[in-house]
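Just below is one structure, and these are the notes that go with it.
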Amino acid sequence: MVNCNNNFRGYERKRTLKQHSRIRKIHIILRLISVAAVIGLLWYCINGLDLKEVSPEPILSVGTGSFNVSSADTSKNDTDETSWSLILVNRWNAIPEDYVVDITELSNGQTVDARIYPALQKMFDAARADGVYPVVASGYRTAEKQQSLMEEKIAAYKAEGYSASQAKAEAETWVAIPGTSEHQLGIAVDINADGVKSNGSEVYKWLKQNGYRFGFILRYPPDKIEITGVSNEPWHYRYVGIKAAAAMHNQTLCLEEYLREKN
């Protein structure tokens with residue numbers, strides 16, 4: 001009987017140990033599942049927000065004096081054919097001396113005229129919805145900044161062996177003469193790709209097909225160089241208002257041609 005009892009107790013201990021082992025395994029599995037769930041939740045929050053709730057750079061968030069995207073009204077600018085949005089600035093037409101820019105800073109440090117901010121935001125949101133991720137590479141520039149860019153371009157051509165006059169002439173086909181740059185207006189932006197989720201050709205293609213819907217035009221097309229005086233710049237977009245932009249897009253006109261026809 002002693003042996004039987006001992007054997008029975010030994011059996012019970014083994015069974016209890018097995019049960020405890022199973023319970024521990026279950027606890028370990030549950031902990032692993034919990035950890036995986038937490039990791040999954042964190043991943044979703046980080047990536048989900050980045051793709052859906054938080055716009056990729058440059059987030060067009062602004063500081064003091066900014067427009068509210070949802071409530072800003074640009075409709076008047078779209079119908080006023082003599083408004084600020086249609087001001088002509090090129091190598092033959094300098095910026096008026098009394099021109100004032102009310103700039104708004106973007107989250108990547110670039111600035112633009114506050115009046116184009118709502119349309120720019122909507123255009124970027126639409127591009128991202130289509131899987132294209134643009135960034136504002138250059139917005140508003142001061143006269144000093146424009147002068148610096150011109151000098152750098154001239155120096156680069158001189159380094160290639162151009163004479164001073166040749167370097168200046170070549171530079172002026174790529175960089176606007178200070179006082180005649182749309183960047184100094186604050187209503188023109190150089191838009192490039194983020195370089196991660198999109199490349200340049202994707203961004204330029206999307207802008208060419210859709211920019212006019214938001215009031216922006218490709219300012220310097222390759223077939224309008226003699227009229228604009230500027231070489232092809234697929235990244236340079238200028239705000240003119242939706243009505244004017246649609247007309248220029250549909251009739252393949254540059255700003256100079258459009259204003260000539262209007263007059």
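Residue numbering restarts at 1 for every chain of the structure tokens, chains are lettered A, B, ... in their displayed order, and ligands are numbered from 1 as they appear.
Residues in contact with Thr111 in chain A at up to 9 Å, not including ones fewer than 6 positions away on its chain and judged by only C-alpha atoms, are Ile103, Thr104, Glu105, Ser138, Gly139, Tyr140, Arg141 and Gly186 of chain A.
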Next on the checklist: Using DSSP secondary structure from the backbone, list all strand (DSSP E or B) positions within range 131-183 of chain A, as a PyMOL selection string.
Outcome noted: chain A and resi 134-138
Could you build a table of the residues in range 95-194 of chain A lying no more than 10 Å from range 214-222 of chain A, giving for each the nearest pair of atoms and their separation in Å rounded to one decimal place, using only C-alpha atoms, ordered by chain and ascending residue number, as JSON lines?
```
{"residue": "A:Ile116", "atom": "CA", "partner": "A:Gly215", "partner_atom": "CA", "distance": 9.0}
{"residue": "A:Pro118", "atom": "CA", "partner": "A:Phe214", "partner_atom": "CA", "distance": 9.5}
{"residue": "A:Ala119", "atom": "CA", "partner": "A:Phe214", "partner_atom": "CA", "distance": 5.8}
{"residue": "A:Leu120", "atom": "CA", "partner": "A:Phe214", "partner_atom": "CA", "distance": 7.5}
{"residue": "A:Gln121", "atom": "CA", "partner": "A:Phe214", "partner_atom": "CA", "distance": 9.5}
{"residue": "A:Lys122", "atom": "CA", "partner": "A:Phe214", "partner_atom": "CA", "distance": 7.3}
{"residue": "A:Met123", "atom": "CA", "partner": "A:Phe214", "partner_atom": "CA", "distance": 6.0}
{"residue": "A:Phe124", "atom": "CA", "partner": "A:Phe214", "partner_atom": "CA", "distance": 9.8}
{"residue": "A:Ala126", "atom": "CA", "partner": "A:Phe214", "partner_atom": "CA", "distance": 9.6}
{"residue": "A:Glu182", "atom": "CA", "partner": "A:Arg219", "partner_atom": "CA", "distance": 9.6}
{"residue": "A:Ile187", "atom": "CA", "partner": "A:Phe216", "partner_atom": "CA", "distance": 9.5}
{"residue": "A:Ala188", "atom": "CA", "partner": "A:Phe216", "partner_atom": "CA", "distance": 8.7}
{"residue": "A:Val189", "atom": "CA", "partner": "A:Phe216", "partner_atom": "CA", "distance": 9.6}
```
Worksheet entry | Contacts of Ala137 in chain A within 10 Å, only C-alpha atoms, excl. fewer than 4 positions in-chain, as a ChimeraX atom specification | /A:58,108-110,189-194,235-236
I need the helix (DSSP H, G or I) residues of range 78-181 of chain A per DSSP on the backbone, written as a VMD selection string.
chain A and resid 78 to 79 84 to 86 114 to 129 143 to 159 164 to 171
Would you write out those residues with N, CA and C atoms, as a compact mmCIF listing (two decimals), in the first residue's frame?
```txt
# COMPACT_ATOMS: atom_id res chain seq x y z
N ASP A 78 -10.11 84.71 -58.14
CA ASP A 78 -10.26 83.94 -59.35
C ASP A 78 -11.05 84.68 -60.41
N THR A 79 -11.88 85.63 -60.04
CA THR A 79 -12.72 86.32 -61.02
C THR A 79 -12.23 87.73 -61.32
N TRP A 84 -3.98 91.11 -57.94
CA TRP A 84 -2.57 90.81 -57.67
C TRP A 84 -2.14 89.48 -58.27
N SER A 85 -3.08 88.55 -58.42
CA SER A 85 -2.72 87.22 -58.91
C SER A 85 -2.30 87.21 -60.38
N LEU A 86 -2.60 88.28 -61.10
CA LEU A 86 -2.24 88.34 -62.52
C LEU A 86 -1.15 89.38 -62.81
N ALA A 114 0.84 84.92 -48.14
CA ALA A 114 -0.26 84.29 -47.40
C ALA A 114 -1.49 84.04 -48.26
N ARG A 115 -1.67 84.84 -49.32
CA ARG A 115 -2.88 84.70 -50.14
C ARG A 115 -2.90 83.44 -50.98
N ILE A 116 -1.75 82.83 -51.25
CA ILE A 116 -1.75 81.61 -52.05
C ILE A 116 -1.69 80.36 -51.18
N TYR A 117 -1.54 80.55 -49.89
CA TYR A 117 -1.40 79.41 -49.00
C TYR A 117 -2.56 78.41 -49.07
N PRO A 118 -3.83 78.85 -49.01
CA PRO A 118 -4.93 77.88 -49.05
C PRO A 118 -4.91 77.02 -50.32
N ALA A 119 -4.68 77.65 -51.46
CA ALA A 119 -4.67 76.90 -52.73
C ALA A 119 -3.48 75.95 -52.77
N LEU A 120 -2.35 76.38 -52.25
CA LEU A 120 -1.16 75.53 -52.23
C LEU A 120 -1.39 74.30 -51.36
N GLN A 121 -2.02 74.52 -50.21
CA GLN A 121 -2.33 73.41 -49.31
C GLN A 121 -3.25 72.39 -49.98
N LYS A 122 -4.29 72.89 -50.63
CA LYS A 122 -5.24 71.99 -51.30
C LYS A 122 -4.56 71.20 -52.41
N MET A 123 -3.67 71.86 -53.15
CA MET A 123 -2.98 71.18 -54.24
C MET A 123 -2.07 70.07 -53.71
N PHE A 124 -1.36 70.35 -52.62
CA PHE A 124 -0.48 69.34 -52.04
C PHE A 124 -1.29 68.17 -51.48
N ASP A 125 -2.42 68.47 -50.85
CA ASP A 125 -3.26 67.40 -50.31
C ASP A 125 -3.78 66.49 -51.44
N ALA A 126 -4.15 67.11 -52.55
CA ALA A 126 -4.66 66.33 -53.69
C ALA A 126 -3.56 65.47 -54.28
N ALA A 127 -2.36 66.01 -54.36
CA ALA A 127 -1.23 65.24 -54.90
C ALA A 127 -0.94 64.03 -54.02
N ARG A 128 -0.92 64.25 -52.71
CA ARG A 128 -0.64 63.15 -51.79
C ARG A 128 -1.73 62.08 -51.85
N ALA A 129 -2.95 62.51 -52.06
CA ALA A 129 -4.06 61.55 -52.18
C ALA A 129 -3.86 60.67 -53.41
N ALA A 143 15.23 90.44 -52.39
CA ALA A 143 16.07 90.92 -53.49
C ALA A 143 17.52 90.50 -53.28
N GLU A 144 17.95 90.50 -52.02
CA GLU A 144 19.33 90.11 -51.70
C GLU A 144 19.58 88.64 -52.04
N LYS A 145 18.61 87.79 -51.72
CA LYS A 145 18.74 86.37 -52.04
C LYS A 145 18.78 86.15 -53.55
N GLN A 146 17.94 86.89 -54.28
CA GLN A 146 17.92 86.75 -55.74
C GLN A 146 19.25 87.20 -56.33
N GLN A 147 19.80 88.27 -55.81
CA GLN A 147 21.09 88.77 -56.27
C GLN A 147 22.19 87.74 -56.01
N SER A 148 22.13 87.11 -54.85
CA SER A 148 23.12 86.10 -54.50
C SER A 148 23.06 84.91 -55.45
N LEU A 149 21.84 84.49 -55.79
CA LEU A 149 21.68 83.37 -56.72
C LEU A 149 22.22 83.72 -58.10
N MET A 150 21.97 84.95 -58.53
CA MET A 150 22.48 85.39 -59.83
C MET A 150 24.00 85.37 -59.85
N GLU A 151 24.61 85.89 -58.82
CA GLU A 151 26.08 85.94 -58.75
C GLU A 151 26.68 84.53 -58.73
N GLU A 152 26.03 83.62 -58.03
CA GLU A 152 26.51 82.24 -57.98
C GLU A 152 26.44 81.59 -59.36
N LYS A 153 25.35 81.86 -60.09
CA LYS A 153 25.19 81.28 -61.43
C LYS A 153 26.22 81.84 -62.40
N ILE A 154 26.45 83.13 -62.32
CA ILE A 154 27.45 83.76 -63.20
C ILE A 154 28.84 83.18 -62.90
N ALA A 155 29.16 83.05 -61.63
CA ALA A 155 30.46 82.49 -61.24
C ALA A 155 30.62 81.07 -61.74
N ALA A 156 29.54 80.30 -61.71
CA ALA A 156 29.59 78.91 -62.18
C ALA A 156 29.90 78.86 -63.68
N TYR A 157 29.28 79.75 -64.46
CA TYR A 157 29.54 79.78 -65.90
C TYR A 157 30.96 80.26 -66.19
N LYS A 158 31.43 81.21 -65.43
CA LYS A 158 32.81 81.68 -65.61
C LYS A 158 33.80 80.54 -65.34
N ALA A 159 33.49 79.73 -64.34
CA ALA A 159 34.36 78.60 -64.00
C ALA A 159 34.41 77.57 -65.12
N ALA A 164 32.88 87.02 -69.16
CA ALA A 164 31.98 87.68 -68.22
C ALA A 164 30.63 87.99 -68.85
N SER A 165 30.64 88.48 -70.08
CA SER A 165 29.39 88.82 -70.76
C SER A 165 28.59 87.56 -71.11
N GLN A 166 29.29 86.52 -71.54
CA GLN A 166 28.61 85.26 -71.87
C GLN A 166 28.01 84.62 -70.62
N ALA A 167 28.78 84.64 -69.54
CA ALA A 167 28.31 84.05 -68.28
C ALA A 167 27.06 84.77 -67.78
N LYS A 168 27.05 86.09 -67.89
CA LYS A 168 25.90 86.88 -67.45
C LYS A 168 24.67 86.56 -68.30
N ALA A 169 24.88 86.49 -69.62
CA ALA A 169 23.77 86.21 -70.53
C ALA A 169 23.18 84.82 -70.27
N GLU A 170 24.06 83.83 -70.08
CA GLU A 170 23.59 82.47 -69.82
C GLU A 170 22.87 82.38 -68.47
N ALA A 171 23.45 83.03 -67.48
CA ALA A 171 22.86 83.00 -66.14
C ALA A 171 21.46 83.58 -66.14
```
*Residue contacts of Lys262 in chain A (12 Å, only C-alpha atoms) excluding same-chain residues fewer than 4 positions away, as a ChimeraX atom specification*: /A:81-82,86,244,247-248,253,255-258
Deliver the residues from the most recent selection as a file, using C-alpha atoms, as a PDB file, in the first residue's frame.
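So out-v8.pdb came out as:
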```
ATOM      1  CA  GLU A  81      -8.778  89.878 -63.913  1.00  0.00           C
ATOM      2  CA  THR A  82      -6.841  92.894 -62.636  1.00  0.00           C
ATOM      3  CA  LEU A  86      -2.238  88.342 -62.522  1.00  0.00           C
ATOM      4  CA  ALA A 244      -7.067  82.227 -65.442  1.00  0.00           C
ATOM      5  CA  ALA A 247      -7.977  79.256 -69.528  1.00  0.00           C
ATOM      6  CA  MET A 248      -4.204  79.124 -69.949  1.00  0.00           C
ATOM      7  CA  LEU A 253      -1.005  79.926 -73.260  1.00  0.00           C
ATOM      8  CA  LEU A 255       0.955  84.305 -68.804  1.00  0.00           C
ATOM      9  CA  GLU A 256       2.294  86.866 -71.307  1.00  0.00           C
ATOM     10  CA  GLU A 257       0.036  85.499 -74.059  1.00  0.00           C
ATOM     11  CA  TYR A 258      -2.988  85.304 -71.788  1.00  0.00           C
TER      12      TYR A 258
END
```
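CA of Gln184 in chain A is found 13.2 Å from CA of Tyr239 in chain A.
Within the 10 Å cut-off around Gly229 in chain A, using only C-alpha atoms and omitting residues fewer than 2 positions from it on the same chain, the listed residues are Asn90, Arg91, Trp92, Glu172, Thr173, Trp174, Ala176, Tyr220, Lys224, Ile225, Glu226, Ile227, Ser231 and Asn232 of chain A.
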